[in-house]
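For reference, the structure is listed below as structure tokens.
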Amino acid sequence: MSSAVYKDSALLGEQLQSIRNALTAQAADYPVLSADIGCRAADRRLVENGTFSEPELLRLYTETLGIIPMDEEELEQPEPYPGLSRDYLNASLCLPYEWDGAVMRMLVADPYDIHKHIFQVKQALGLKCEFSFVRRTFLERLLSRGNQAEAEESEIAAGGEDEHTLRSMAGEARIVRLVNDIFNRAIELGASDIHVEPGEDHVSVRCRVDGVLSEIMSVSKSQFPAISSRIKLIAGLNIAESRLPQDGRTNFQLGRTKLDMRVSTIPILTGESIVLRLLNSEAITFDLKTLGMSDRHLKQFRELVKIPHGMILVVGPTGSGKTTTLYSVIAQLNDNRKKIITVEDPVEYKTPGLCQMQVNAKIGVTFASGLRSIVRQDPDIILVGEIRDRETADIAINAALTGHLVLSTLHTNDAVGAITRLIDMGVESFLVASALYGVLSQRLVRKTCRACGGSGQGTGQDSAHPKCRVCNGTGFKGRSGIFELLRMNDEIRRAVNKNLPSSEIEKLAVANGMVTLLEDGHAKVRAGVTTAEELARSTAEL
């Protein structure tokens, strides 16, 4: 937008006052904040306390002043402008990104210094100013990259910092905002994990969205000690320890969102790899209807989990949604008439009404020992996070045969493979045949984005943007399960007792109505839920 609009200071004043009026209408404490700490700081407080998100605040600025916002995804790191000092840019929180002999186009994060920039740039450089808004955290990252030479010196200096210095670095406002921005971006994308990975000269921040990792930002390597210290402080880890792996968990309030995070660090050649698992309890719904089961599968599985005793297994590779399925079963069964106890490693979802035990091998609490103690607690339903060995399998099967409903997981490729796996562990085939009532095998496939129809291109009002805003250009948004449900009957039990090979048992199961994973997946492809390529990716090992 041309700076000519702002030659009249009174007009700019009216526009800024309209912004304050809009903020005041939604935040009762805004007038007090404005008077005490100034408008810019007051606006930031509204973002930090969750009254507004940063994009919402930016939208108000742009709509009021008529300034077109910059598409951050399309903006490359600007070249440094020789006429403005780095100190001025950092202090004023502005950055030139285009210029010619008459006009300088500048990135700003708020409108409060626009008139000052117009005057000073005109006086010092003889140029007019035009402006585009970007988020403050994004602008700070661009400014930080511009300080690369100084950043490398800072990195060397920070290499041996003590705990006090690291705490000071972690508490700097720009680092707090940067880490919060990482969390906010992850939440906006619906990410399950955040990976912070230092390289030789930069730090890559990637998010796992719908099971696939993609980079969301890259920052200077010099900022890694401060970023890692900030994350460690949040997670209650030792910020001075970078040579040993660490694990932590914390509840973290970010604006209006409450996050339950698991944090893991390991030392690598270029620093530390940090992975954060985001467990957003507000965004998770444990309901069998939302898993993507067909009507047939849903009806059969609901009937299966009504059994009063016996074993039901959910199988599949890591990341196939087994825990979510089990908790959806528990949500259906959880009432005041049943005692439900779980033993998990780790406890991912804290749920009212359950007695949840955490595995801790360091003090001898394993799946087997925990399960052995649980059966003495008079439970109706037992959830075992995973059956990993014969001891755990034996105790679980004994519990299933003595009046308990036992739910657990195994890492097998298909439903019939669960039978073979238990027998391979050393469990007698007749015990497997007697205790096991059903096996649900599953995978997760990414769903075709409804907004762009899977093209990844902007459409409608967003057609000017090269990438679909909903799916971030991937063509996929959200995930659905594909399922294979093996229900035991007398014929299949006789086959298990005879130790028939898994291929024969599978033929019997299909003859008795079992829909295989691939068949269920192809049905979802035909229905437009996902694509053939995505199905092939998810089921490559079958």
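Labels for the structure tokens follow display order: chains A, B, ..., residues from 1 in each chain, ligands from 1.
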**Asked** Which residues, written as number ranges by chain, have at least one atom at most 10 Å from Ser132 (chain A), with only C-alpha atoms counted and residues fewer than 2 positions away on the same chain left out?
**Response** A: 1, 62, 67-71, 96-97, 105-111, 130, 134
Could those residues be written to a file, using all heavy atoms, as a CSV table (one decimal), in the first residue's frame?
chain,number,residue,atom,x,y,z
A,1,MET,N,0.9,-1.2,0.0
A,1,MET,CA,0.0,0.0,0.0
A,1,MET,C,0.9,1.2,0.0
A,1,MET,O,1.9,1.3,0.7
A,1,MET,CB,-0.9,0.0,1.2
A,1,MET,CG,-1.7,1.2,1.4
A,1,MET,SD,-3.4,0.8,2.0
A,1,MET,CE,-4.1,2.4,1.8
A,62,THR,N,-4.7,-5.7,8.9
A,62,THR,CA,-4.7,-5.6,7.5
A,62,THR,C,-6.1,-5.1,7.0
A,62,THR,O,-6.2,-4.2,6.1
A,62,THR,CB,-4.5,-7.0,6.8
A,62,THR,OG1,-5.4,-7.9,7.2
A,62,THR,CG2,-3.1,-7.5,7.1
A,67,ILE,N,-3.9,-2.8,4.2
A,67,ILE,CA,-2.5,-3.3,3.7
A,67,ILE,C,-2.6,-4.7,3.4
A,67,ILE,O,-3.1,-5.5,4.2
A,67,ILE,CB,-1.5,-3.0,4.8
A,67,ILE,CG1,-1.3,-1.5,5.0
A,67,ILE,CG2,-0.1,-3.6,4.4
A,67,ILE,CD1,-0.3,-1.1,6.1
A,68,ILE,N,-2.2,-5.1,2.3
A,68,ILE,CA,-2.2,-6.6,1.9
A,68,ILE,C,-1.1,-7.3,2.6
A,68,ILE,O,0.0,-6.9,2.6
A,68,ILE,CB,-2.0,-6.7,0.4
A,68,ILE,CG1,-3.1,-5.9,-0.4
A,68,ILE,CG2,-1.9,-8.1,-0.1
A,68,ILE,CD1,-2.8,-5.9,-1.9
A,69,PRO,N,-1.5,-8.4,3.3
A,69,PRO,CA,-0.5,-9.2,4.0
A,69,PRO,C,0.4,-10.0,3.1
A,69,PRO,O,0.0,-10.3,1.9
A,69,PRO,CB,-1.4,-10.2,4.8
A,69,PRO,CG,-2.6,-10.3,4.1
A,69,PRO,CD,-2.9,-9.0,3.4
A,70,MET,N,1.6,-10.2,3.5
A,70,MET,CA,2.6,-11.0,2.7
A,70,MET,C,2.3,-12.5,2.9
A,70,MET,O,2.0,-12.9,4.0
A,70,MET,CB,4.0,-10.6,3.2
A,70,MET,CG,5.1,-11.5,2.5
A,70,MET,SD,5.2,-11.2,0.7
A,70,MET,CE,5.8,-9.5,0.7
A,71,ASP,N,2.4,-13.2,1.8
A,71,ASP,CA,2.3,-14.7,1.9
A,71,ASP,C,3.7,-15.2,2.4
A,71,ASP,O,4.7,-15.2,1.6
A,71,ASP,CB,2.0,-15.3,0.5
A,71,ASP,CG,1.7,-16.8,0.5
A,71,ASP,OD1,2.2,-17.4,1.5
A,71,ASP,OD2,1.0,-17.3,-0.4
A,96,PRO,N,13.3,-4.4,5.1
A,96,PRO,CA,13.1,-4.2,3.7
A,96,PRO,C,13.2,-5.5,2.9
A,96,PRO,O,14.1,-6.3,3.2
A,96,PRO,CB,14.2,-3.2,3.3
A,96,PRO,CG,14.7,-2.7,4.6
A,96,PRO,CD,14.5,-3.7,5.6
A,97,TYR,N,12.2,-5.7,2.0
A,97,TYR,CA,12.3,-6.9,1.2
A,97,TYR,C,12.3,-6.7,-0.3
A,97,TYR,O,12.7,-7.5,-1.1
A,97,TYR,CB,11.1,-7.9,1.6
A,97,TYR,CG,9.8,-7.4,1.1
A,97,TYR,CD1,9.2,-7.8,-0.1
A,97,TYR,CD2,9.0,-6.5,1.9
A,97,TYR,CE1,8.0,-7.4,-0.5
A,97,TYR,CE2,7.8,-6.1,1.5
A,97,TYR,CZ,7.2,-6.5,0.3
A,97,TYR,OH,6.0,-6.1,-0.1
A,105,ARG,N,9.8,-1.3,-0.1
A,105,ARG,CA,8.8,-2.1,0.5
A,105,ARG,C,9.3,-2.9,1.7
A,105,ARG,O,10.3,-3.5,1.7
A,105,ARG,CB,8.3,-3.1,-0.6
A,105,ARG,CG,7.6,-2.4,-1.8
A,105,ARG,CD,7.4,-3.4,-3.0
A,105,ARG,NE,6.8,-2.6,-4.1
A,105,ARG,CZ,7.6,-2.0,-5.0
A,105,ARG,NH1,8.9,-2.0,-4.9
A,105,ARG,NH2,7.0,-1.3,-6.0
A,106,MET,N,8.5,-2.7,2.8
A,106,MET,CA,9.0,-3.1,4.1
A,106,MET,C,8.1,-4.0,4.8
A,106,MET,O,6.8,-3.9,4.7
A,106,MET,CB,9.3,-1.8,5.0
A,106,MET,CG,9.9,-2.1,6.3
A,106,MET,SD,10.2,-0.5,7.2
A,106,MET,CE,11.7,0.1,6.2
A,107,LEU,N,8.6,-5.1,5.4
A,107,LEU,CA,7.8,-6.0,6.3
A,107,LEU,C,7.7,-5.4,7.7
A,107,LEU,O,8.7,-5.0,8.3
A,107,LEU,CB,8.5,-7.3,6.3
A,107,LEU,CG,8.6,-8.1,5.0
A,107,LEU,CD1,9.4,-9.4,5.2
A,107,LEU,CD2,7.3,-8.4,4.4
A,108,VAL,N,6.5,-5.4,8.2
A,108,VAL,CA,6.3,-5.0,9.6
A,108,VAL,C,5.4,-6.0,10.3
A,108,VAL,O,4.6,-6.7,9.6
A,108,VAL,CB,5.8,-3.5,9.7
A,108,VAL,CG1,6.8,-2.5,9.3
A,108,VAL,CG2,4.5,-3.4,8.9
A,109,ALA,N,5.4,-6.0,11.6
A,109,ALA,CA,4.5,-6.9,12.3
A,109,ALA,C,3.3,-6.2,13.0
A,109,ALA,O,2.4,-6.9,13.5
A,109,ALA,CB,5.3,-7.6,13.4
A,110,ASP,N,3.4,-4.9,13.1
A,110,ASP,CA,2.2,-4.1,13.6
A,110,ASP,C,2.2,-2.7,13.0
A,110,ASP,O,3.2,-2.3,12.4
A,110,ASP,CB,2.3,-4.1,15.2
A,110,ASP,CG,3.5,-3.4,15.7
A,110,ASP,OD1,3.7,-2.2,15.3
A,110,ASP,OD2,4.3,-4.0,16.4
A,111,PRO,N,1.2,-2.0,13.2
A,111,PRO,CA,1.1,-0.7,12.5
A,111,PRO,C,1.6,0.5,13.3
A,111,PRO,O,1.6,1.6,12.8
A,111,PRO,CB,-0.4,-0.5,12.3
A,111,PRO,CG,-1.0,-1.2,13.5
A,111,PRO,CD,-0.1,-2.4,13.8
A,130,GLU,N,6.3,1.5,1.4
A,130,GLU,CA,5.1,0.7,1.3
A,130,GLU,C,5.3,-0.5,2.2
A,130,GLU,O,6.4,-0.9,2.5
A,130,GLU,CB,4.9,0.2,-0.1
A,130,GLU,CG,4.6,1.3,-1.1
A,130,GLU,CD,4.3,0.8,-2.5
A,130,GLU,OE1,4.3,-0.4,-2.7
A,130,GLU,OE2,4.0,1.7,-3.4
A,134,VAL,N,3.5,-9.2,8.3
A,134,VAL,CA,3.8,-10.6,8.6
A,134,VAL,C,3.7,-10.8,10.1
A,134,VAL,O,3.7,-9.9,10.9
A,134,VAL,CB,5.2,-11.1,8.1
A,134,VAL,CG1,5.2,-11.0,6.6
A,134,VAL,CG2,6.3,-10.2,8.7
**Request:** Could you give me the residues within region 247-443 of chain A that DSSP places in strand (DSSP E), as a ChimeraX atom specification?
**Result:** /A:247-254,257-268,271-279,310-315,340-344,355-358,381-384,405-410,436-443
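Atom pair CA of Ile284 (chain A) / CA of Val47 (chain A): separated by 23.9 Å.
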**Item:** Residue neighbourhood Phe224 (chain A), 12 Å, only C-alpha atoms, exclusion window fewer than 4 positions, as a ChimeraX atom specification
**Value:** /A:151-152,154-156,158-159,166,169-170,175,178-179,196-205,218-220,228-232,242,270-274
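Closest approach to Gln17 (chain A) among A:Leu127, A:Tyr112, A:Gly364, A:Gly101: A:Tyr112, based on only C-alpha atoms.
When only C-alpha atoms are used to compute distances to Lys498 (chain A), the closest of the residues A:Leu139, A:Ile216, A:Arg443, A:Val432 turns out to be A:Val432.
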**Asked** Which distance in Å separates CA of Gly353 (chain A) and CA of Ile307 (chain A), to one decimal?
**Response** 20.1 Å
**Request:** Could you pull out the residues in region 261-422 of chain A that DSSP calls alpha helix (DSSP H) from the backbone, as a PyMOL selection string?
**Result:** chain A and resi 295-304+322-333+367-374+390-401+415-422
**Item:** Contacts of Gly521 (chain A) at 7 Å (only C-alpha atoms; same-chain gap of 3+ positions) as number ranges by chain
**Value:** A: 482, 517-518, 524-525, 535
Residue neighbourhood region 332-344 of chain A, 6 Å, only C-alpha atoms, exclusion window fewer than 3 positions, as an mmCIF file with N, CA, C and O atoms, in the first residue's frame:
data_model
loop_
_atom_site.group_PDB
_atom_site.id
_atom_site.type_symbol
_atom_site.label_atom_id
_atom_site.label_comp_id
_atom_site.auth_asym_id
_atom_site.auth_seq_id
_atom_site.Cartn_x
_atom_site.Cartn_y
_atom_site.Cartn_z
ATOM 1 N N VAL A 329 -12.520 -48.050 22.255
ATOM 2 C CA VAL A 329 -13.232 -49.167 22.867
ATOM 3 C C VAL A 329 -13.487 -48.885 24.348
ATOM 4 O O VAL A 329 -14.599 -49.075 24.858
ATOM 5 N N VAL A 347 1.817 -44.000 29.385
ATOM 6 C CA VAL A 347 0.408 -43.637 29.434
ATOM 7 C C VAL A 347 0.237 -42.391 28.568
ATOM 8 O O VAL A 347 0.702 -41.316 28.919
ATOM 9 N N LEU A 354 -10.497 -44.355 34.761
ATOM 10 C CA LEU A 354 -9.575 -45.476 34.594
ATOM 11 C C LEU A 354 -8.500 -45.453 35.670
ATOM 12 O O LEU A 354 -8.113 -44.385 36.159
ATOM 13 N N CYS A 355 -8.023 -46.641 36.025
ATOM 14 C CA CYS A 355 -6.812 -46.754 36.845
ATOM 15 C C CYS A 355 -5.671 -47.068 35.879
ATOM 16 O O CYS A 355 -5.621 -48.166 35.315
ATOM 17 N N GLN A 356 -4.769 -46.123 35.685
ATOM 18 C CA GLN A 356 -3.733 -46.256 34.665
ATOM 19 C C GLN A 356 -2.361 -46.416 35.294
ATOM 20 O O GLN A 356 -1.936 -45.581 36.102
ATOM 21 N N MET A 357 -1.669 -47.477 34.921
ATOM 22 C CA MET A 357 -0.340 -47.787 35.463
ATOM 23 C C MET A 357 0.712 -47.550 34.380
ATOM 24 O O MET A 357 0.543 -47.961 33.238
ATOM 25 N N GLN A 358 1.798 -46.912 34.780
ATOM 26 C CA GLN A 358 2.901 -46.610 33.865
ATOM 27 C C GLN A 358 4.013 -47.646 34.026
ATOM 28 O O GLN A 358 4.473 -47.902 35.139
ATOM 29 N N VAL A 359 4.428 -48.240 32.904
ATOM 30 C CA VAL A 359 5.575 -49.147 32.941
ATOM 31 C C VAL A 359 6.833 -48.367 33.305
ATOM 32 O O VAL A 359 7.057 -47.267 32.814
ATOM 33 N N PRO A 379 -10.329 -56.439 38.580
ATOM 34 C CA PRO A 379 -10.770 -55.643 37.433
ATOM 35 C C PRO A 379 -11.821 -56.381 36.611
ATOM 36 O O PRO A 379 -11.908 -57.613 36.633
ATOM 37 N N ASP A 380 -12.629 -55.620 35.881
ATOM 38 C CA ASP A 380 -13.509 -56.200 34.871
ATOM 39 C C ASP A 380 -12.844 -56.185 33.503
ATOM 40 O O ASP A 380 -12.980 -57.120 32.719
ATOM 41 N N ILE A 381 -12.132 -55.073 33.211
ATOM 42 C CA ILE A 381 -11.489 -54.884 31.907
ATOM 43 C C ILE A 381 -10.036 -54.503 32.141
ATOM 44 O O ILE A 381 -9.736 -53.635 32.975
ATOM 45 N N ILE A 382 -9.143 -55.141 31.393
ATOM 46 C CA ILE A 382 -7.710 -54.862 31.498
ATOM 47 C C ILE A 382 -7.206 -54.443 30.119
ATOM 48 O O ILE A 382 -7.461 -55.124 29.120
ATOM 49 N N LEU A 383 -6.507 -53.327 30.068
ATOM 50 C CA LEU A 383 -5.859 -52.897 28.828
ATOM 51 C C LEU A 383 -4.353 -53.019 29.018
ATOM 52 O O LEU A 383 -3.775 -52.360 29.897
ATOM 53 N N VAL A 384 -3.723 -53.859 28.213
ATOM 54 C CA VAL A 384 -2.271 -54.026 28.228
ATOM 55 C C VAL A 384 -1.710 -53.320 27.001
ATOM 56 O O VAL A 384 -2.074 -53.674 25.867
ATOM 57 N N GLY A 385 -0.867 -52.322 27.201
ATOM 58 C CA GLY A 385 -0.384 -51.519 26.087
ATOM 59 C C GLY A 385 0.178 -52.340 24.946
ATOM 60 O O GLY A 385 -0.072 -52.052 23.777
#
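Going from CA of Ala451 (chain A) over to CA of Phe138 (chain A), you cover 26.1 Å.
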